[in-house]
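Visitor: File follows, run.json with JSON, C-alpha atoms and all ligand atoms:
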[["chain", "number", "residue", "atom", "x", "y", "z"],
["A", 1284, "MET", "CA", 163.71, 54.08, 10.14],
["A", 1285, "ASN", "CA", 162.01, 50.67, 10.24],
["A", 1286, "ILE", "CA", 158.22, 50.94, 10.11],
["A", 1287, "PRO", "CA", 156.68, 47.83, 11.74],
["A", 1288, "MET", "CA", 154.71, 45.62, 9.37],
["A", 1289, "ASN", "CA", 150.92, 45.80, 9.61],
["A", 1290, "PRO", "CA", 149.85, 42.11, 9.47],
["A", 1291, "ASN", "CA", 146.31, 43.06, 8.34],
["A", 1292, "LYS", "CA", 147.75, 44.91, 5.32],
["A", 1293, "ALA", "CA", 150.37, 42.23, 4.62],
["A", 1294, "LEU", "CA", 147.69, 39.51, 4.57],
["A", 1295, "TRP", "CA", 145.67, 41.23, 1.85],
["A", 1296, "GLU", "CA", 148.62, 42.43, -0.21],
["A", 1297, "ARG", "CA", 149.78, 38.82, -0.37],
["A", 1298, "GLY", "CA", 149.04, 36.89, -3.55],
["A", 1299, "ASP", "CA", 146.57, 38.60, -5.84],
["A", 1300, "PHE", "CA", 142.99, 38.87, -4.60],
["A", 1301, "THR", "CA", 141.91, 40.17, -8.04],
["A", 1302, "ARG", "CA", 142.04, 36.52, -9.24],
["A", 1303, "ILE", "CA", 139.35, 35.55, -6.75],
["A", 1304, "ALA", "CA", 137.39, 38.80, -7.18],
["A", 1305, "ALA", "CA", 137.12, 37.99, -10.90],
["A", 1306, "THR", "CA", 134.80, 35.12, -9.94],
["A", 1307, "MET", "CA", 132.56, 37.40, -7.83],
["A", 1308, "ARG", "CA", 131.63, 40.07, -10.37],
["A", 1309, "GLU", "CA", 128.09, 38.94, -11.25],
["A", 1310, "SER", "CA", 126.93, 38.82, -7.64],
["A", 1311, "GLY", "CA", 128.67, 42.12, -6.88],
["A", 1312, "GLU", "CA", 126.82, 43.78, -9.73],
["A", 1313, "ALA", "CA", 123.48, 42.21, -8.72],
["A", 1314, "LEU", "CA", 123.87, 43.26, -5.09],
["A", 1315, "VAL", "CA", 124.63, 46.87, -6.04],
["A", 1316, "GLN", "CA", 121.48, 46.92, -8.19],
["A", 1317, "ARG", "CA", 119.46, 46.24, -5.02],
["A", 1318, "LEU", "CA", 120.93, 49.08, -2.95],
["A", 1319, "GLY", "CA", 118.79, 51.94, -4.31],
["A", 1320, "ILE", "CA", 121.78, 53.86, -5.69],
["A", 1321, "ARG", "CA", 120.85, 57.03, -7.55],
["A", 1322, "GLN", "CA", 122.74, 59.50, -9.69],
["A", 1323, "GLY", "CA", 125.05, 61.76, -7.70],
["A", 1324, "MET", "CA", 124.83, 59.77, -4.46],
["A", 1325, "LYS", "CA", 128.08, 59.86, -2.53],
["A", 1326, "VAL", "CA", 129.14, 56.27, -1.92],
["A", 1327, "LEU", "CA", 132.08, 54.95, 0.10],
["A", 1328, "ASP", "CA", 133.09, 51.33, -0.52],
["A", 1329, "LEU", "CA", 135.22, 50.26, 2.42],
["A", 1330, "GLY", "CA", 137.53, 47.29, 1.94],
["A", 1331, "CYS", "CA", 136.64, 47.64, -1.74],
["A", 1332, "GLY", "CA", 139.32, 45.34, -3.18],
["A", 1333, "ASP", "CA", 139.60, 45.98, -6.92],
["A", 1334, "GLY", "CA", 136.07, 47.34, -7.20],
["A", 1335, "THR", "CA", 133.64, 44.42, -7.38],
["A", 1336, "THR", "CA", 130.94, 46.66, -5.85],
["A", 1337, "ALA", "CA", 132.51, 50.13, -6.26],
["A", 1338, "LEU", "CA", 132.57, 49.99, -10.06],
["A", 1339, "PRO", "CA", 128.94, 48.85, -10.51],
["A", 1340, "ALA", "CA", 127.92, 51.67, -8.12],
["A", 1341, "ALA", "CA", 129.80, 54.12, -10.34],
["A", 1342, "LYS", "CA", 128.05, 52.68, -13.41],
["A", 1343, "LEU", "CA", 124.81, 53.76, -11.71],
["A", 1344, "CYS", "CA", 126.25, 57.32, -11.74],
["A", 1345, "ALA", "CA", 127.04, 57.54, -8.03],
["A", 1346, "ASP", "CA", 130.12, 59.47, -6.96],
["A", 1347, "VAL", "CA", 132.22, 56.61, -5.57],
["A", 1348, "LEU", "CA", 135.31, 56.41, -3.39],
["A", 1349, "GLY", "CA", 136.85, 52.98, -2.79],
["A", 1350, "VAL", "CA", 139.10, 52.66, 0.25],
["A", 1351, "ASP", "CA", 141.24, 49.61, 0.89],
["A", 1352, "ILE", "CA", 144.27, 48.78, 3.01],
["A", 1353, "ALA", "CA", 146.02, 46.84, 0.21],
["A", 1354, "SER", "CA", 148.00, 49.09, -2.15],
["A", 1355, "ASN", "CA", 148.02, 46.48, -4.96],
["A", 1356, "LEU", "CA", 144.20, 46.27, -4.89],
["A", 1357, "VAL", "CA", 143.83, 50.07, -4.84],
["A", 1358, "ALA", "CA", 146.06, 50.22, -7.94],
["A", 1359, "ALA", "CA", 144.01, 47.46, -9.60],
["A", 1360, "GLY", "CA", 140.76, 49.33, -8.84],
["A", 1361, "ASN", "CA", 142.05, 52.57, -10.33],
["A", 1362, "ARG", "CA", 143.24, 50.64, -13.40],
["A", 1363, "ARG", "CA", 139.82, 49.01, -13.86],
["A", 1364, "ALA", "CA", 138.00, 52.36, -13.43],
["A", 1365, "LYS", "CA", 140.23, 53.88, -16.11],
["A", 1366, "GLU", "CA", 139.69, 50.94, -18.48],
["A", 1367, "MET", "CA", 135.92, 51.32, -18.03],
["A", 1368, "GLY", "CA", 136.11, 55.08, -18.60],
["A", 1369, "LEU", "CA", 134.54, 55.75, -15.18],
["A", 1370, "THR", "CA", 135.75, 59.15, -13.98],
["A", 1371, "ASN", "CA", 133.29, 59.15, -11.04],
["A", 1372, "CYS", "CA", 135.09, 56.36, -9.17],
["A", 1373, "ARG", "CA", 138.49, 56.52, -7.52],
["A", 1374, "PHE", "CA", 140.34, 54.26, -5.14],
["A", 1375, "GLN", "CA", 142.72, 55.20, -2.34],
["A", 1376, "GLU", "CA", 144.56, 53.48, 0.46],
["A", 1377, "GLY", "CA", 143.06, 53.67, 3.92],
["A", 1378, "ASP", "CA", 142.33, 51.67, 7.04],
["A", 1379, "ALA", "CA", 138.73, 50.98, 8.10],
["A", 1380, "THR", "CA", 139.76, 51.28, 11.75],
["A", 1381, "ASN", "CA", 140.86, 54.90, 11.28],
["A", 1382, "LEU", "CA", 139.48, 56.89, 8.36],
["A", 1383, "HIS", "CA", 141.13, 60.15, 9.50],
["A", 1384, "GLU", "CA", 141.40, 61.35, 5.89],
["A", 1385, "LEU", "CA", 137.59, 61.33, 5.47],
["A", 1386, "ALA", "CA", 135.35, 64.09, 6.87],
["A", 1387, "ASP", "CA", 132.41, 63.49, 9.22],
["A", 1388, "GLN", "CA", 129.05, 62.80, 7.52],
["A", 1389, "SER", "CA", 130.48, 62.89, 4.00],
["A", 1390, "PHE", "CA", 128.71, 59.86, 2.42],
["A", 1391, "ASP", "CA", 125.07, 58.97, 1.68],
["A", 1392, "LEU", "CA", 125.91, 55.28, 1.57],
["A", 1393, "VAL", "CA", 128.80, 53.35, 3.09],
["A", 1394, "VAL", "CA", 129.10, 49.86, 1.61],
["A", 1395, "SER", "CA", 131.42, 47.14, 2.81],
["A", 1396, "ILE", "CA", 131.02, 43.71, 1.26],
["A", 1397, "PHE", "CA", 133.34, 41.18, 2.91],
["A", 1398, "GLY", "CA", 135.70, 44.13, 3.40],
["A", 1399, "ALA", "CA", 135.73, 45.95, 6.75],
["A", 1400, "MET", "CA", 134.84, 42.67, 8.47],
["A", 1401, "PHE", "CA", 138.52, 41.74, 7.98],
["A", 1402, "ALA", "CA", 139.87, 44.81, 9.80],
["A", 1403, "PRO", "CA", 140.99, 44.45, 13.42],
["A", 1404, "ARG", "CA", 139.25, 46.40, 16.22],
["A", 1405, "PRO", "CA", 135.61, 46.02, 15.12],
["A", 1406, "HIS", "CA", 134.36, 48.71, 17.50],
["A", 1407, "ASP", "CA", 136.61, 51.27, 15.82],
["A", 1408, "VAL", "CA", 135.32, 50.11, 12.43],
["A", 1409, "ALA", "CA", 131.67, 50.59, 13.47],
["A", 1410, "LYS", "CA", 132.45, 54.00, 14.96],
["A", 1411, "GLU", "CA", 134.27, 55.18, 11.83],
["A", 1412, "LYS", "CA", 131.51, 54.00, 9.51],
["A", 1413, "VAL", "CA", 128.89, 55.84, 11.54],
["A", 1414, "ARG", "CA", 131.04, 58.97, 11.69],
["A", 1415, "VAL", "CA", 131.51, 59.30, 7.91],
["A", 1416, "THR", "CA", 127.85, 58.59, 7.03],
["A", 1417, "ARG", "CA", 125.50, 61.58, 6.85],
["A", 1418, "ARG", "CA", 122.34, 61.66, 8.98],
["A", 1419, "GLY", "CA", 119.58, 60.06, 6.89],
["A", 1420, "GLY", "CA", 122.19, 57.93, 5.10],
["A", 1421, "ARG", "CA", 122.82, 54.18, 5.27],
["A", 1422, "ILE", "CA", 125.53, 51.64, 5.96],
["A", 1423, "VAL", "CA", 125.34, 48.25, 4.21],
["A", 1424, "MET", "CA", 127.69, 45.44, 5.20],
["A", 1425, "GLY", "CA", 128.04, 41.95, 3.76],
["A", 1426, "ASN", "CA", 129.59, 39.57, 6.29],
["A", 1427, "TRP", "CA", 130.39, 35.86, 6.13],
["A", 1428, "ILE", "CA", 128.68, 33.83, 8.85],
["A", 1429, "PRO", "CA", 130.65, 31.62, 11.27],
["A", 1430, "ASN", "CA", 129.83, 27.89, 11.04],
["A", 1431, "ASP", "CA", 127.60, 28.46, 8.03],
["A", 1432, "PRO", "CA", 127.70, 25.33, 5.86],
["A", 1433, "THR", "CA", 128.42, 27.27, 2.63],
["A", 1434, "LEU", "CA", 131.73, 27.97, 0.92],
["A", 1435, "VAL", "CA", 133.62, 30.83, 2.55],
["A", 1436, "ALA", "CA", 132.80, 29.98, 6.17],
["A", 1437, "GLN", "CA", 133.92, 26.42, 5.42],
["A", 1438, "ILE", "CA", 137.17, 27.51, 3.71],
["A", 1439, "LEU", "CA", 137.99, 29.65, 6.75],
["A", 1440, "ARG", "CA", 137.00, 26.85, 9.16],
["A", 1441, "ILE", "CA", 139.13, 24.25, 7.36],
["A", 1442, "SER", "CA", 142.05, 26.69, 7.01],
["A", 1443, "SER", "CA", 142.03, 27.61, 10.70],
["A", 1444, "ALA", "CA", 142.96, 24.03, 11.61],
["A", 1445, "TYR", "CA", 146.24, 24.46, 9.67],
["A", 1446, "THR", "CA", 147.07, 28.07, 10.62],
["A", 1447, "PRO", "CA", 149.02, 28.97, 13.79],
["A", 1448, "ALA", "CA", 146.80, 30.20, 16.64],
["A", 1449, "PRO", "CA", 146.11, 33.94, 16.37],
["A", 1450, "PRO", "CA", 147.70, 36.33, 18.90],
["A", 1451, "GLU", "CA", 145.98, 36.80, 22.24],
["A", 1452, "GLY", "CA", 143.11, 39.28, 22.07],
["A", 1453, "PHE", "CA", 142.50, 38.64, 18.36],
["A", 1454, "ILE", "CA", 138.83, 39.07, 17.46],
["A", 1455, "SER", "CA", 137.73, 36.79, 14.63],
["A", 1456, "PRO", "CA", 136.42, 38.66, 11.54],
["A", 1457, "MET", "CA", 133.65, 36.05, 11.46],
["A", 1458, "THR", "CA", 132.07, 37.64, 14.56],
["A", 1459, "TRP", "CA", 130.73, 40.26, 12.10],
["A", 1460, "GLY", "CA", 128.45, 37.46, 10.88],
["A", 1461, "LEU", "CA", 126.72, 37.21, 14.28],
["A", 1462, "GLU", "CA", 123.73, 39.52, 14.72],
["A", 1463, "SER", "CA", 124.33, 40.01, 18.46],
["A", 1464, "HIS", "CA", 127.91, 41.18, 17.89],
["A", 1465, "VAL", "CA", 126.93, 43.49, 15.04],
["A", 1466, "LEU", "CA", 124.17, 45.06, 17.13],
["A", 1467, "GLU", "CA", 126.46, 45.55, 20.10],
["A", 1468, "ARG", "CA", 129.06, 47.29, 17.91],
["A", 1469, "PHE", "CA", 126.62, 49.71, 16.29],
["A", 1470, "ILE", "CA", 124.82, 50.42, 19.56],
["A", 1471, "ARG", "CA", 128.18, 51.30, 21.08],
["A", 1472, "ALA", "CA", 128.74, 53.61, 18.08],
["A", 1473, "GLY", "CA", 125.53, 55.46, 19.04],
["A", 1474, "ILE", "CA", 122.94, 53.77, 16.78],
["A", 1475, "PRO", "CA", 119.59, 52.66, 18.28],
["A", 1476, "LYS", "CA", 118.92, 48.93, 17.99],
["A", 1477, "GLU", "CA", 115.83, 49.39, 15.80],
["A", 1478, "LYS", "CA", 117.93, 51.09, 13.10],
["A", 1479, "VAL", "CA", 119.90, 47.91, 12.44],
["A", 1480, "SER", "CA", 118.37, 45.15, 10.30],
["A", 1481, "PHE", "CA", 119.56, 41.82, 8.97],
["A", 1482, "ILE", "CA", 118.81, 39.52, 6.08],
["A", 1483, "ARG", "CA", 120.50, 36.41, 4.67],
["A", 1484, "ASP", "CA", 121.68, 36.88, 1.11],
["A", 1485, "THR", "CA", 123.72, 34.89, -1.43],
["A", 1486, "PHE", "CA", 126.91, 35.56, -3.37],
["A", 1487, "THR", "CA", 127.87, 33.10, -6.11],
["A", 1488, "PHE", "CA", 131.46, 32.38, -7.11],
["A", 1489, "ASN", "CA", 131.67, 31.57, -10.83],
["A", 1490, "SER", "CA", 134.95, 30.25, -12.18],
["A", 1491, "PRO", "CA", 135.57, 28.89, -15.69],
["A", 1492, "LYS", "CA", 137.89, 26.34, -14.02],
["A", 1493, "ALA", "CA", 137.04, 22.94, -12.51],
["A", 1494, "PRO", "CA", 136.76, 22.85, -8.68],
["A", 1495, "ALA", "CA", 140.31, 21.49, -8.09],
["A", 1496, "ALA", "CA", 141.83, 24.20, -10.30],
["A", 1497, "PHE", "CA", 139.72, 26.81, -8.50],
["A", 1498, "VAL", "CA", 141.17, 25.55, -5.18],
["A", 1499, "ASP", "CA", 144.62, 26.13, -6.71],
["A", 1500, "ASP", "CA", 143.66, 29.76, -7.32],
["A", 1501, "PHE", "CA", 142.88, 30.14, -3.63],
["A", 1502, "ARG", "CA", 146.17, 28.43, -2.77],
["A", 1503, "ARG", "CA", 148.18, 30.73, -5.05],
["A", 1504, "TYR", "CA", 146.33, 34.04, -4.74],
["A", 1505, "TYR", "CA", 144.07, 34.31, -1.62],
["A", 1506, "GLY", "CA", 146.07, 35.59, 1.40],
["A", 1507, "PRO", "CA", 144.20, 33.63, 4.13],
["A", 1508, "THR", "CA", 144.48, 30.35, 2.17],
["A", 1509, "MET", "CA", 148.15, 31.04, 1.35],
["A", 1510, "ASN", "CA", 148.82, 31.47, 5.07],
["A", 1511, "ALA", "CA", 146.99, 28.22, 5.82],
["A", 1512, "PHE", "CA", 149.14, 26.37, 3.25],
["A", 1513, "ASP", "CA", 152.29, 27.89, 4.80],
["A", 1514, "GLY", "CA", 151.22, 26.42, 8.15],
["A", 1515, "ALA", "CA", 150.22, 23.10, 6.57],
["A", 1516, "GLU", "CA", 153.56, 22.82, 4.74],
["A", 1517, "LYS", "CA", 155.46, 23.38, 7.98],
["A", 1518, "SER", "CA", 153.60, 20.49, 9.61],
["A", 1519, "GLY", "CA", 153.79, 18.29, 6.47],
["A", 1520, "ARG", "CA", 150.01, 18.42, 5.97],
["A", 1521, "ALA", "CA", 149.68, 20.48, 2.76],
["A", 1522, "ASN", "CA", 148.17, 17.50, 0.88],
["A", 1523, "ASP", "CA", 145.54, 17.07, 3.61],
["A", 1524, "LEU", "CA", 144.55, 20.72, 3.31],
["A", 1525, "GLN", "CA", 144.44, 20.51, -0.49],
["A", 1526, "ASN", "CA", 142.27, 17.35, -0.30],
["A", 1527, "GLU", "CA", 139.89, 18.87, 2.25],
["A", 1528, "LEU", "CA", 139.42, 21.99, 0.13],
["A", 1529, "GLU", "CA", 138.98, 20.02, -3.10],
["A", 1530, "ALA", "CA", 136.32, 17.85, -1.45],
["A", 1531, "LEU", "CA", 134.52, 20.98, -0.21],
["A", 1532, "PHE", "CA", 134.59, 22.70, -3.62],
["A", 1533, "GLU", "CA", 133.49, 19.51, -5.44],
["A", 1534, "GLN", "CA", 130.65, 18.95, -3.00],
["A", 1535, "GLN", "CA", 129.37, 22.54, -3.24],
["A", 1536, "ASN", "CA", 129.75, 22.94, -6.99],
["A", 1537, "LYS", "CA", 126.41, 23.58, -8.69],
["A", 1538, "SER", "CA", 127.76, 24.00, -12.22],
["A", 1539, "PRO", "CA", 126.20, 21.54, -14.69],
["A", 1540, "ASN", "CA", 129.54, 21.67, -16.53],
["A", 1541, "ASN", "CA", 132.26, 19.46, -14.92],
["A", 1542, "HIS", "CA", 134.95, 21.80, -16.18],
["A", 1543, "ALA", "CA", 133.59, 24.89, -14.43],
["A", 1544, "THR", "CA", 132.67, 25.90, -10.89],
["A", 1545, "SER", "CA", 129.65, 27.77, -9.60],
["A", 1546, "ILE", "CA", 129.27, 27.89, -5.82],
["A", 1547, "PRO", "CA", 126.68, 29.94, -3.93],
["A", 1548, "ALA", "CA", 127.65, 31.20, -0.47],
["A", 1549, "THR", "CA", 125.35, 32.63, 2.18],
["A", 1550, "PHE", "CA", 126.18, 35.90, 3.94],
["A", 1551, "LEU", "CA", 124.61, 38.23, 6.47],
["A", 1552, "ARG", "CA", 123.52, 41.53, 4.92],
["A", 1553, "VAL", "CA", 123.42, 44.25, 7.56],
["A", 1554, "THR", "CA", 121.68, 47.58, 6.96],
["A", 1555, "VAL", "CA", 122.10, 50.46, 9.37],
["A", 1556, "GLU", "CA", 119.92, 53.56, 9.02],
["A", 1557, "ILE", "CA", 121.79, 56.60, 10.30],
["B", 1, "LIG", "C1", 137.62, 39.42, 0.80],
["B", 1, "LIG", "S1", 138.29, 40.91, 0.21],
["B", 1, "LIG", "C2", 136.81, 41.69, -0.45],
["B", 1, "LIG", "C3", 137.08, 42.83, -1.38],
["B", 1, "LIG", "C4", 135.85, 43.44, -2.05],
["B", 1, "LIG", "N1", 134.94, 44.07, -1.12],
["B", 1, "LIG", "C5", 135.14, 42.42, -2.88],
["B", 1, "LIG", "O1", 133.99, 42.07, -2.56],
["B", 1, "LIG", "O2", 135.74, 41.95, -3.88],
["B", 1, "LIG", "C6", 138.60, 41.81, 1.70],
["B", 1, "LIG", "C7", 139.11, 43.20, 1.43],
["B", 1, "LIG", "O3", 139.15, 43.95, 2.66],
["B", 1, "LIG", "C8", 140.34, 44.73, 2.65],
["B", 1, "LIG", "N2", 140.70, 45.06, 4.04],
["B", 1, "LIG", "C9", 141.11, 44.20, 5.01],
["B", 1, "LIG", "N3", 141.36, 44.90, 6.13],
["B", 1, "LIG", "C10", 141.13, 46.22, 5.87],
["B", 1, "LIG", "C11", 141.21, 47.41, 6.62],
["B", 1, "LIG", "N4", 141.65, 47.41, 7.89],
["B", 1, "LIG", "N5", 140.87, 48.58, 6.04],
["B", 1, "LIG", "C12", 140.47, 48.61, 4.74],
["B", 1, "LIG", "N6", 140.38, 47.50, 3.97],
["B", 1, "LIG", "C13", 140.69, 46.32, 4.52],
["B", 1, "LIG", "C14", 141.34, 43.81, 1.97],
["B", 1, "LIG", "O4", 142.48, 44.48, 1.52],
["B", 1, "LIG", "C15", 140.50, 43.22, 0.84],
["B", 1, "LIG", "O5", 140.53, 44.00, -0.31]]
Rewrite the structure from the file as structure tokens, please.

Guide:
Amino acid sequence: MNIPMNPNKALWERGDFTRIAATMRESGEALVQRLGIRQGMKVLDLGCGDGTTALPAAKLCADVLGVDIASNLVAAGNRRAKEMGLTNCRFQEGDATNLHELADQSFDLVVSIFGAMFAPRPHDVAKEKVRVTRRGGRIVMGNWIPNDPTLVAQILRISSAYTPAPPEGFISPMTWGLESHVLERFIRAGIPKEKVSFIRDTFTFNSPKAPAAFVDDFRRYYGPTMNAFDGAEKSGRANDLQNELEALFEQQNKSPNNHATSIPATFLRVTVEI
């Protein structure tokens, strides 16, 4: 029997996101330090990738489950947990739009840093997050912000000009970076408006490579950029896309060392008190 491909899963299993995640570790660790995680807390990291936030949470002695739609990233997370000797962190495959395998109110903290924002059907995502969080618990989301001048929003903006138009009814993941949309989704999931708060925060990408070589990593390993290059190649514009991205990375690079890249990117940090 042919099982139809899930394009959301295929996008993130493409390439190797661990190559990009490797440049996000310091900010992941620093963010987790600010979340008030205590020993024995039950933490769900949704759209966890290979554990940029799940593993630091486990280092703080929380009991951590990472859930991600991409099987290669789940395997990478379990490998990293084993290498670090962390027996209190495990990773499994799952879809943020339907967490049927997880019981109601089973987590003290549900974290999703640039993870569940990429799932389709955002109302289902909000509803599922609320369902699995215990009363008195918290949800924390990190979401890129549309039209923000910093790195990721700009990569996605540039890439969209080279990617085929999305199917009708597609809701952009970037709408999770708009406070009004986030509020509407959590209110619909049963959360009063005053329980949802927002701050702007920063994640820094640190690569030992020069900006142009770091762009190549996105081109070779980051699903959304790989798709954009596929589109650009079809229309003979791959060099234009490469040049636009190189100019962006060069312009945003804050590293004092020409042979390395350090780029801060602004995101919307959402906290929901359940
Ligand atoms: C930009 S990566 C971020 C990964 C990780 N949170 C980090 O900060 O390194 C987005 C992640 O969301 C996952 N993802 C996308 N759609 C998903 C869905 N429907 N359910 C669960 N995970 C999903 C992807 O597989 C990918 O690992």

Visitor: Using all atoms listed in the file, find each protein or nucleic acid residue lying at most 6 Å from ligand LIG 1 (chain B); present the set as a count of residues only.

Guide: 21

Visitor: In terms of the shortest atom-to-atom distance over only C-alpha atoms, which of A:Arg1502, A:Val1479, A:Ala1386, A:Thr1485 is closest to Ala1313 of chain A?

Guide: A:Thr1485

Visitor: Name all residues at most 6 Å from segment 1507-1524 of chain A (count all atoms listed in the file; drop same-chain ones fewer than 3 positions away) and give them as JSON, numbers by chain.

Guide: {"A": [1442, 1445, 1446, 1502, 1527]}

Visitor: Determine the nearest neighbour of Arg1483 of chain A from the options A:Ile1428, A:Ala1496, A:Ile1441, A:Leu1466, counting all atoms listed in the file.

Guide: A:Ile1428

Visitor: Dig up all the protein and nucleic acid residues within 7 Å of (136.4, 23.3, -6.9) in the file frame, using only C-alpha atoms, and format them as a PyMOL selection string.

Guide: chain A and resi 1493-1498+1529+1532-1533+1536+1544

Visitor: If you count all atoms listed in the file, which residues fall within 10 Å of Val1465 of chain A, apart from same-chain ones fewer than 5 positions away, as a VMD selection string?

Guide: chain A and resid 1405 to 1406 1409 1426 1458 to 1460 1470 to 1471 1479 to 1481 1553
